[in-house]
Amino acid sequence: MISRKLKCDLFPQSASCKCYFFDNLGEWRPNQAADGSDCRFNDVLRRSFLRQVRLNERRKRNQGDNQRRGVSDLKNKDETEQLRASVDFLAELCESVSPVEKSNFANWSHQAVDFILASMKNLLSMGKDMEIIEGIVCSLVMRLVGKMCSALQGNESLHTEADDEFYIQHVIRKLGVEAYIGHRVILFVSQRISILAESLLFLDPFDNAFPHMHECLFTMIQLIEFLVSDNLTTWSADEDFDHVLFEEWVVSVLHARKALLLMESRNGLYVLYMDRVTGELAKRVSHIPLLQNINSNIHENLFC
């Protein structure tokens with residue numbers, strides 16, 4: 001028999017709602033949708049999310065994972081532990097089989113993203129445990145991007161119309177509102193594009209893996225475009241804007257474009273799409289005085 005308390009955690013009662021988190025899915029520069037819910041309902045969703053995180057941590061401890069400190073009550077734990085627990089919850093939610101088919105996926109992913117963004121804001125303002133924070137964020141980026149691409153590789157017999165990869169992409173896009181996360185997403189994704197482009201160059205087009213890699217490439221290029229068009233202007237307005245990391249990912253994006261140029265004879269669409277991304281990036285840089293102080297060689301390569 002399941003105890004009453006555990007049953008409430010496993011099957012929490014929640015009001016049905018219209019979650020706007022995935023509105024404008026896959027659209028370029030969407031208008032921000034109104035929240036559509038009052039503070040009391042947000043509190044209900046937040047408590048439901050925290051209950052799921054606690055259940056998730058308790059399940060890990062019951063499986064013998066005692067090396068990491070569990071989160072029995074997030075309100076009494078430090079921000080770093082809250083961030084780690086929320087990141088683990090979101091990553092595991094997205095990594096589950098066909099996560100979009102879960103009835104609470106929209107609400108839980110929405111709450112997790114909001115919680116992560118709030119924790120990041122608090123932690124960055126304190127300026128403590130930066131190495132730990134970077135490790136947590138980079139781990140989340142790798143797991144979500146990995147899931148975004150692996151969703152395209154699923155067994156066709158299990159394929160649904162949910163298009164999981166676009167929902168995961170949207171989750172990453174929402175997280176990218178925070179510059180600290182967005183910079184690292186673009187850097188990691190552009191590096192993945194370069195690696196994938198080199199692999200495709202030597203891959204037989206009739207190989208079973210080719211369609212998956214092809215779709216993954218376009219999804220990653222699109223993600224960079226979304227992050228640049230949605231957020232670069234806002235990021236640059238922050239007094240703590242990371243110019244070093246900005247230059248690093250611009251170089252990485254340009255390197256990815258160069259890698260795709262080698263494939264132009266096989267599929268010119270890769271280069272056309274990447275040119276659109278670098279064109280949007282160049283336009284943003286040209287309109288933001290603060291960004292025009294980048295390294296002269298990078299500036300020349302971007303505008304050539």
# chains A, B, ... in the order shown; residues from 1 in each chain; ligands from 1
>>> residues_around(residues="stretch 288-300 of chain A", least_positions_apart="5", cutoff="10 Å", atoms="only C-alpha atoms", output="PyMOL selection string")
chain A and resi 232-233+236-237+241+243-244+246-248+250-251+254+282-283
>>> write_last_selection(atoms="N, CA, C and O atoms", output="PDB file, in the first residue's frame")
ATOM      1  N   LEU A 232      20.395  39.074 -27.643  1.00  0.00           N
ATOM      2  CA  LEU A 232      21.703  39.732 -27.665  1.00  0.00           C
ATOM      3  C   LEU A 232      21.625  41.195 -27.251  1.00  0.00           C
ATOM      4  O   LEU A 232      22.480  41.685 -26.502  1.00  0.00           O
ATOM      5  N   THR A 233      20.605  41.894 -27.706  1.00  0.00           N
ATOM      6  CA  THR A 233      20.457  43.302 -27.340  1.00  0.00           C
ATOM      7  C   THR A 233      20.283  43.452 -25.826  1.00  0.00           C
ATOM      8  O   THR A 233      20.896  44.321 -25.193  1.00  0.00           O
ATOM      9  N   SER A 236      23.593  42.595 -23.866  1.00  0.00           N
ATOM     10  CA  SER A 236      24.634  43.619 -23.969  1.00  0.00           C
ATOM     11  C   SER A 236      24.351  44.832 -23.088  1.00  0.00           C
ATOM     12  O   SER A 236      25.251  45.607 -22.782  1.00  0.00           O
ATOM     13  N   ALA A 237      23.095  44.996 -22.684  1.00  0.00           N
ATOM     14  CA  ALA A 237      22.727  46.128 -21.832  1.00  0.00           C
ATOM     15  C   ALA A 237      23.106  45.893 -20.372  1.00  0.00           C
ATOM     16  O   ALA A 237      23.083  46.818 -19.555  1.00  0.00           O
ATOM     17  N   PHE A 241      28.088  42.294 -18.622  1.00  0.00           N
ATOM     18  CA  PHE A 241      28.186  41.549 -19.878  1.00  0.00           C
ATOM     19  C   PHE A 241      29.591  40.968 -20.042  1.00  0.00           C
ATOM     20  O   PHE A 241      30.592  41.688 -19.906  1.00  0.00           O
ATOM     21  N   HIS A 243      32.358  40.107 -22.077  1.00  0.00           N
ATOM     22  CA  HIS A 243      32.913  40.358 -23.410  1.00  0.00           C
ATOM     23  C   HIS A 243      33.828  39.225 -23.864  1.00  0.00           C
ATOM     24  O   HIS A 243      33.857  38.890 -25.060  1.00  0.00           O
ATOM     25  N   VAL A 244      34.566  38.641 -22.934  1.00  0.00           N
ATOM     26  CA  VAL A 244      35.495  37.564 -23.295  1.00  0.00           C
ATOM     27  C   VAL A 244      34.729  36.358 -23.829  1.00  0.00           C
ATOM     28  O   VAL A 244      35.063  35.800 -24.883  1.00  0.00           O
ATOM     29  N   PHE A 246      31.669  36.380 -24.958  1.00  0.00           N
ATOM     30  CA  PHE A 246      30.995  36.801 -26.184  1.00  0.00           C
ATOM     31  C   PHE A 246      31.921  36.629 -27.388  1.00  0.00           C
ATOM     32  O   PHE A 246      31.531  36.049 -28.414  1.00  0.00           O
ATOM     33  N   GLU A 247      33.137  37.119 -27.284  1.00  0.00           N
ATOM     34  CA  GLU A 247      34.084  36.970 -28.388  1.00  0.00           C
ATOM     35  C   GLU A 247      34.382  35.499 -28.663  1.00  0.00           C
ATOM     36  O   GLU A 247      34.528  35.086 -29.830  1.00  0.00           O
ATOM     37  N   GLU A 248      34.446  34.697 -27.608  1.00  0.00           N
ATOM     38  CA  GLU A 248      34.745  33.266 -27.773  1.00  0.00           C
ATOM     39  C   GLU A 248      33.657  32.574 -28.585  1.00  0.00           C
ATOM     40  O   GLU A 248      33.953  31.791 -29.492  1.00  0.00           O
ATOM     41  N   VAL A 250      31.459  34.039 -30.620  1.00  0.00           N
ATOM     42  CA  VAL A 250      31.405  34.595 -31.978  1.00  0.00           C
ATOM     43  C   VAL A 250      32.433  33.891 -32.858  1.00  0.00           C
ATOM     44  O   VAL A 250      32.138  33.502 -33.999  1.00  0.00           O
ATOM     45  N   VAL A 251      33.639  33.705 -32.336  1.00  0.00           N
ATOM     46  CA  VAL A 251      34.678  32.974 -33.075  1.00  0.00           C
ATOM     47  C   VAL A 251      34.210  31.554 -33.373  1.00  0.00           C
ATOM     48  O   VAL A 251      34.401  31.027 -34.480  1.00  0.00           O
ATOM     49  N   LEU A 254      31.649  31.571 -36.179  1.00  0.00           N
ATOM     50  CA  LEU A 254      32.310  31.782 -37.472  1.00  0.00           C
ATOM     51  C   LEU A 254      33.055  30.523 -37.910  1.00  0.00           C
ATOM     52  O   LEU A 254      33.094  30.200 -39.107  1.00  0.00           O
ATOM     53  N   ALA A 282      25.779  40.008 -37.138  1.00  0.00           N
ATOM     54  CA  ALA A 282      26.493  41.210 -37.583  1.00  0.00           C
ATOM     55  C   ALA A 282      25.610  42.447 -37.473  1.00  0.00           C
ATOM     56  O   ALA A 282      26.077  43.521 -37.064  1.00  0.00           O
ATOM     57  N   LYS A 283      24.339  42.301 -37.818  1.00  0.00           N
ATOM     58  CA  LYS A 283      23.408  43.428 -37.727  1.00  0.00           C
ATOM     59  C   LYS A 283      23.262  43.888 -36.287  1.00  0.00           C
ATOM     60  O   LYS A 283      23.266  45.098 -36.000  1.00  0.00           O
TER      61      LYS A 283
END
>>> closest_residue(among="A:Met126, A:Val137, A:Ile221, A:Ala85", to="A:Ala112", atoms="only C-alpha atoms")
A:Ala85
>>> closest_residue(among="A:Gln82, A:Ala197, A:Ala179, A:Gln222", to="A:Phe210", atoms="only C-alpha atoms")
A:Ala197
>>> residues_around(residues="A:Ser199", least_positions_apart="5", cutoff="12 Å", atoms="only C-alpha atoms", output="ChimeraX atom specification")
/A:192-194,204-205,209-210,213-214,217,259-260,262-263
>>> select_by_dssp(residues="stretch 130-240 of chain A", states="helix (DSSP H, G or I)", output="PDB file with C-alpha atoms, in the first residue's frame")
ATOM      1  CA  MET A 130      31.156  30.491  -9.499  1.00  0.00           C
ATOM      2  CA  GLU A 131      33.044  27.334 -10.482  1.00  0.00           C
ATOM      3  CA  ILE A 132      30.294  25.168  -9.034  1.00  0.00           C
ATOM      4  CA  ILE A 133      27.613  27.223 -10.783  1.00  0.00           C
ATOM      5  CA  GLU A 134      29.420  26.968 -14.119  1.00  0.00           C
ATOM      6  CA  GLY A 135      29.689  23.211 -13.724  1.00  0.00           C
ATOM      7  CA  ILE A 136      25.958  22.914 -13.011  1.00  0.00           C
ATOM      8  CA  VAL A 137      25.008  25.133 -15.952  1.00  0.00           C
ATOM      9  CA  CYS A 138      27.373  23.452 -18.419  1.00  0.00           C
ATOM     10  CA  SER A 139      26.057  20.051 -17.370  1.00  0.00           C
ATOM     11  CA  LEU A 140      22.479  21.207 -17.961  1.00  0.00           C
ATOM     12  CA  VAL A 141      23.374  22.612 -21.392  1.00  0.00           C
ATOM     13  CA  MET A 142      25.076  19.389 -22.476  1.00  0.00           C
ATOM     14  CA  ARG A 143      22.198  17.220 -21.278  1.00  0.00           C
ATOM     15  CA  LEU A 144      19.465  19.316 -22.885  1.00  0.00           C
ATOM     16  CA  VAL A 145      21.278  19.742 -26.217  1.00  0.00           C
ATOM     17  CA  GLY A 146      22.064  16.035 -26.204  1.00  0.00           C
ATOM     18  CA  LYS A 147      18.391  15.235 -25.642  1.00  0.00           C
ATOM     19  CA  MET A 148      17.305  17.747 -28.283  1.00  0.00           C
ATOM     20  CA  CYS A 149      19.368  15.929 -30.885  1.00  0.00           C
ATOM     21  CA  SER A 150      18.708  12.390 -29.643  1.00  0.00           C
ATOM     22  CA  ALA A 151      14.955  13.042 -29.857  1.00  0.00           C
ATOM     23  CA  LEU A 152      15.423  13.069 -33.639  1.00  0.00           C
ATOM     24  CA  GLN A 153      16.949   9.601 -33.516  1.00  0.00           C
ATOM     25  CA  GLU A 156      10.092   5.395 -35.816  1.00  0.00           C
ATOM     26  CA  SER A 157       7.648   2.842 -34.406  1.00  0.00           C
ATOM     27  CA  LEU A 158       7.504   4.956 -31.239  1.00  0.00           C
ATOM     28  CA  ASP A 164      10.088  16.464 -28.723  1.00  0.00           C
ATOM     29  CA  GLU A 165      13.201  18.143 -30.149  1.00  0.00           C
ATOM     30  CA  PHE A 166      11.353  21.427 -30.686  1.00  0.00           C
ATOM     31  CA  TYR A 167       9.985  21.416 -27.147  1.00  0.00           C
ATOM     32  CA  ILE A 168      13.463  20.783 -25.741  1.00  0.00           C
ATOM     33  CA  GLN A 169      14.808  23.530 -28.005  1.00  0.00           C
ATOM     34  CA  HIS A 170      12.153  25.861 -26.618  1.00  0.00           C
ATOM     35  CA  VAL A 171      13.138  25.001 -23.035  1.00  0.00           C
ATOM     36  CA  ILE A 172      16.776  25.861 -23.851  1.00  0.00           C
ATOM     37  CA  ARG A 173      15.620  29.051 -25.550  1.00  0.00           C
ATOM     38  CA  LYS A 174      13.720  30.115 -22.426  1.00  0.00           C
ATOM     39  CA  LEU A 175      16.743  29.372 -20.229  1.00  0.00           C
ATOM     40  CA  ALA A 179      23.024  35.726 -20.449  1.00  0.00           C
ATOM     41  CA  TYR A 180      25.183  33.418 -18.313  1.00  0.00           C
ATOM     42  CA  ILE A 181      23.309  30.426 -19.702  1.00  0.00           C
ATOM     43  CA  GLY A 182      22.723  31.781 -23.216  1.00  0.00           C
ATOM     44  CA  HIS A 183      26.418  32.494 -23.872  1.00  0.00           C
ATOM     45  CA  ARG A 184      27.331  28.946 -22.903  1.00  0.00           C
ATOM     46  CA  VAL A 185      24.555  27.436 -24.990  1.00  0.00           C
ATOM     47  CA  ILE A 186      25.740  29.238 -28.133  1.00  0.00           C
ATOM     48  CA  LEU A 187      29.359  28.281 -27.473  1.00  0.00           C
ATOM     49  CA  PHE A 188      28.546  24.611 -26.908  1.00  0.00           C
ATOM     50  CA  VAL A 189      26.081  24.351 -29.805  1.00  0.00           C
ATOM     51  CA  SER A 190      28.379  26.080 -32.304  1.00  0.00           C
ATOM     52  CA  GLN A 191      31.162  23.681 -31.325  1.00  0.00           C
ATOM     53  CA  ARG A 192      28.781  20.762 -31.848  1.00  0.00           C
ATOM     54  CA  ILE A 193      27.861  22.116 -35.291  1.00  0.00           C
ATOM     55  CA  SER A 194      31.525  22.157 -36.330  1.00  0.00           C
ATOM     56  CA  ILE A 195      32.049  18.586 -35.151  1.00  0.00           C
ATOM     57  CA  LEU A 196      28.857  17.380 -36.815  1.00  0.00           C
ATOM     58  CA  ALA A 197      29.686  19.140 -40.084  1.00  0.00           C
ATOM     59  CA  GLU A 198      33.058  17.407 -40.238  1.00  0.00           C
ATOM     60  CA  SER A 199      31.382  14.058 -39.551  1.00  0.00           C
ATOM     61  CA  LEU A 200      28.779  14.615 -42.273  1.00  0.00           C
ATOM     62  CA  LEU A 201      31.490  15.481 -44.767  1.00  0.00           C
ATOM     63  CA  PHE A 210      22.454  10.732 -42.040  1.00  0.00           C
ATOM     64  CA  PRO A 211      18.826  11.994 -41.712  1.00  0.00           C
ATOM     65  CA  HIS A 212      19.207  12.272 -37.937  1.00  0.00           C
ATOM     66  CA  MET A 213      22.459  14.227 -38.185  1.00  0.00           C
ATOM     67  CA  HIS A 214      20.973  16.445 -40.898  1.00  0.00           C
ATOM     68  CA  GLU A 215      17.957  17.370 -38.755  1.00  0.00           C
ATOM     69  CA  CYS A 216      20.123  17.838 -35.669  1.00  0.00           C
ATOM     70  CA  LEU A 217      22.316  20.293 -37.574  1.00  0.00           C
ATOM     71  CA  PHE A 218      19.398  22.467 -38.640  1.00  0.00           C
ATOM     72  CA  THR A 219      17.849  22.385 -35.156  1.00  0.00           C
ATOM     73  CA  MET A 220      21.096  23.586 -33.579  1.00  0.00           C
ATOM     74  CA  ILE A 221      21.586  26.369 -36.154  1.00  0.00           C
ATOM     75  CA  GLN A 222      18.008  27.483 -35.512  1.00  0.00           C
ATOM     76  CA  LEU A 223      18.636  27.542 -31.761  1.00  0.00           C
ATOM     77  CA  ILE A 224      21.578  29.911 -32.190  1.00  0.00           C
ATOM     78  CA  GLU A 225      19.468  32.157 -34.394  1.00  0.00           C
ATOM     79  CA  PHE A 226      16.714  32.287 -31.782  1.00  0.00           C
ATOM     80  CA  LEU A 227      19.107  33.117 -28.949  1.00  0.00           C
ATOM     81  CA  VAL A 228      20.863  35.866 -30.908  1.00  0.00           C
ATOM     82  CA  SER A 229      17.680  37.506 -32.194  1.00  0.00           C
ATOM     83  CA  ASP A 230      15.811  37.160 -28.883  1.00  0.00           C
ATOM     84  CA  ASN A 231      18.468  38.171 -26.400  1.00  0.00           C
ATOM     85  CA  LEU A 232      21.703  39.732 -27.665  1.00  0.00           C
ATOM     86  CA  THR A 233      20.457  43.302 -27.340  1.00  0.00           C
ATOM     87  CA  THR A 234      19.237  42.634 -23.784  1.00  0.00           C
ATOM     88  CA  TRP A 235      22.406  40.775 -22.796  1.00  0.00           C
ATOM     89  CA  SER A 236      24.634  43.619 -23.969  1.00  0.00           C
TER      90      SER A 236
END
>>> closest_residue(among="A:Leu90, A:Val100, A:Leu83, A:Leu117", to="A:Asp129", atoms="only C-alpha atoms")
A:Leu83
>>> closest_residue(among="A:Asp238, A:Glu79, A:Asp207, A:Glu92", to="A:Met120", atoms="only C-alpha atoms")
A:Glu79
>>> closest_residue(among="A:Asn301, A:Asn267, A:Leu124, A:Val87", to="A:Ser252", atoms="only C-alpha atoms")
A:Asn301
>>> atom_distance(atom1="atom CA of A:Phe89", atom2="atom CA of A:Gly127")
24.1 Å
